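J.: Okay, handing you the structure first.
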Amino acid sequence: MDYNIGVIAGDGIGPEITDAAWTVLGKVAEKYGHSFSRTDILMGGCSIDATGEPLTDEAIESAKAQDAVLMGSIGGNTSTSPWYRLPPEKRPEAGLLKLRKSLGLFANLRPAYLYPQLKEACPLKEATADKGFDMIIVRELTGGLYFGERHTESYNGVIQATDTLTYNENEIRRIAIKAFEIARKRRKKVTSVDKANVLDSSRLWRKVTEEVWADYPDVELSHMLVDNCAMQLVRDPAQFDVVLTENMFGDILSDEAAMITGSLGMLSSASLNETKFGLYEPSGGSAPDIAGQDIANPIATILSAAMLLRYSLDLDTEADAVENAVRQVLDDGIRTRDILPREGAESITTVGCKQMGEEVAKRI
Ligand code: NAD
């Protein structure tokens, strides 16, 4: 099949890590008989330099015309880069917010997987790390507290600030559907996280999630209060498969889940809209401190490309092949320097960003 893939290389290490992922996609195309045509799209600091805007309308239209978009990362050194002397709406990050909004990306997916080969980086108890974990956090991205009405006023000389957490049933339904669909591609278990003992919005969340569940009898559903979930993530993360939650809870829990893997350079993410379209990017930033040195870890971007294959193109076999190739690379003792073991480094081969892409591609 022929597919159109947009590539937002972005700033800092962005071009290096997206090129490494593209090498892997090239191997997938060759092995499985597909054609991926690449359209480069400007966003972030490089777009400011070229056009004066972090994201142009032309770039948005170009992104919309693709089957999916793979992104590196955007932004520069926030203390020294001239991009951060611009007004907030002209800075690199404004481009990403505008793109998410223009494409209606309401579902954020962040997998947290503990590679046995990297388990010493896991900050949890050894017995917990030995069990491993493999979960995906499905976070609602365009509603809730971050998008509700807010105001600050003074009553009798006392300043008061208000934020509102609003969800309507349609917003809950569409993210719940995504979570159940994703669970069907995994271990078929959804844990819906809320605060239904206190919040009306959470009670509606529970009700609508159960209604959606009726269409997915093959998937197991359980509910968990968010405070308990925060504890369970460090006590027994192996219990989770798909964690479904609203915007703010997801913001916090997905960072907690990322932290327990211990390896930022390994964490992929995706933001999806109501169609199959998605924006796929590593969880890390543009790492200006190591940009242009060919030492960045491209695995998070390569795994984001695997998510793109799975969720936007429905190429599950190909996605499995990429994920297995990453595991094989780690088994073979090949590492970028950010994931070097503390001990036993003599049996390890340290490679740069480009070579890591080639090593993964070789194993597909
Ligand atoms: P960062 O994630 O870029 O870097 C934090 C640390 O992790 C650095 O030491 C960096 O070298 C290291 N690191 C990150 N990715 C790595 C990789 N793939 N391989 C090896 N090491 C890696 O965070 P920061 O320094 O706080 O932010 C730098 C810039 O990135 C800022 O402009 C920030 O706004 C931007 N940013 C962009 C995104 C995005 O594009 N979605 C996300 C987060 C931060």
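The way I read the labels, and the way they are meant: chains A, B, ... in the order of the structure tokens, residue 1 as the first residue of every chain, and ligand 1 as the first ligand shown, with later ones counted on from there.
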Might you pull out every residue within 9 Å of His151 (chain A), with only C-alpha atoms counted and same-chain residues fewer than 4 positions away left off, and present them as an MDAnalysis selection string?
T.: chainID A and resid 160:163
J.: Generate the output file for the selected residues, all heavy atoms, as a JSON list (two decimals), in the first residue's frame.
T.:
[["chain", "number", "residue", "atom", "x", "y", "z"],
["A", 160, "GLN", "N", -9.77, 35.86, 44.87],
["A", 160, "GLN", "CA", -10.22, 34.47, 44.69],
["A", 160, "GLN", "C", -10.06, 34.06, 43.23],
["A", 160, "GLN", "O", -10.36, 34.85, 42.33],
["A", 160, "GLN", "CB", -11.70, 34.41, 45.08],
["A", 160, "GLN", "CG", -12.34, 33.06, 44.85],
["A", 160, "GLN", "CD", -13.74, 33.02, 45.43],
["A", 160, "GLN", "OE1", -13.94, 33.17, 46.63],
["A", 160, "GLN", "NE2", -14.72, 32.87, 44.56],
["A", 161, "ALA", "N", -9.55, 32.86, 43.00],
["A", 161, "ALA", "CA", -9.39, 32.37, 41.63],
["A", 161, "ALA", "C", -10.23, 31.12, 41.43],
["A", 161, "ALA", "O", -10.34, 30.29, 42.33],
["A", 161, "ALA", "CB", -7.92, 32.04, 41.37],
["A", 162, "THR", "N", -10.84, 31.00, 40.25],
["A", 162, "THR", "CA", -11.73, 29.86, 39.97],
["A", 162, "THR", "C", -11.35, 29.21, 38.63],
["A", 162, "THR", "O", -11.13, 29.91, 37.64],
["A", 162, "THR", "CB", -13.19, 30.34, 39.85],
["A", 162, "THR", "OG1", -13.51, 31.06, 41.03],
["A", 162, "THR", "CG2", -14.16, 29.18, 39.66],
["A", 163, "ASP", "N", -11.25, 27.88, 38.62],
["A", 163, "ASP", "CA", -11.10, 27.12, 37.37],
["A", 163, "ASP", "C", -12.25, 26.13, 37.33],
["A", 163, "ASP", "O", -12.64, 25.59, 38.37],
["A", 163, "ASP", "CB", -9.78, 26.36, 37.37],
["A", 163, "ASP", "CG", -8.59, 27.28, 37.41],
["A", 163, "ASP", "OD1", -8.27, 27.88, 36.38],
["A", 163, "ASP", "OD2", -7.97, 27.40, 38.49]]
J.: Using only C-alpha atoms and all ligand atoms, determine which residues fall within 8 Å of ligand 1, then list them as a ChimeraX atom specification.
T.: /A:10,12-13,17,71-78,92-93,96,264-266,281-290,295-301,336-338
J.: Write out as a list in words each polymer residue whose atoms come within 10 Å of Ala107 (chain A), counting only C-alpha atoms; drop sequence neighbours fewer than 3 positions from it.
T.: Gly104, Arg110, Ile137, Val138, Arg139, Glu140, Leu141, Thr142, Arg174, Ile175, Ala176, Lys178, Ala179, Glu246, Asn247, Ala270, Ser271, Leu272, Asn273, Glu274 and Gly278 of chain A
J.: What's the separation between CA of Pro116 (chain A) and CA of Thr128 (chain A), in Å to one decimal place?
T.: 11.7 Å
J.: Determine, using only C-alpha atoms, which residues of region 69-114 of chain A have any atom at most 10 Å from an atom of region 217-237 of chain A, and tabulate each with its shortest atom pair and distance in Å to one decimal place, rows ordered by chain and then rising number, as JSON lines.
T.:
{"residue": "A:Ala112", "atom": "CA", "partner": "A:Pro237", "partner_atom": "CA", "distance": 9.6}
{"residue": "A:Tyr113", "atom": "CA", "partner": "A:Pro237", "partner_atom": "CA", "distance": 9.9}
{"residue": "A:Leu114", "atom": "CA", "partner": "A:Pro237", "partner_atom": "CA", "distance": 10.0}
J.: As a PyMOL selection string, please: the residues near Arg327 (chain A) (cut-off 8 Å, only C-alpha atoms, same-chain neighbours under 4 positions excluded).
T.: chain A and resi 115+323+331
J.: Point out the residue among A:Glu16, A:Leu165, A:Leu70, A:Phe249 with the least atom-to-atom distance to Leu309 (chain A), counting only C-alpha atoms.
T.: A:Leu70
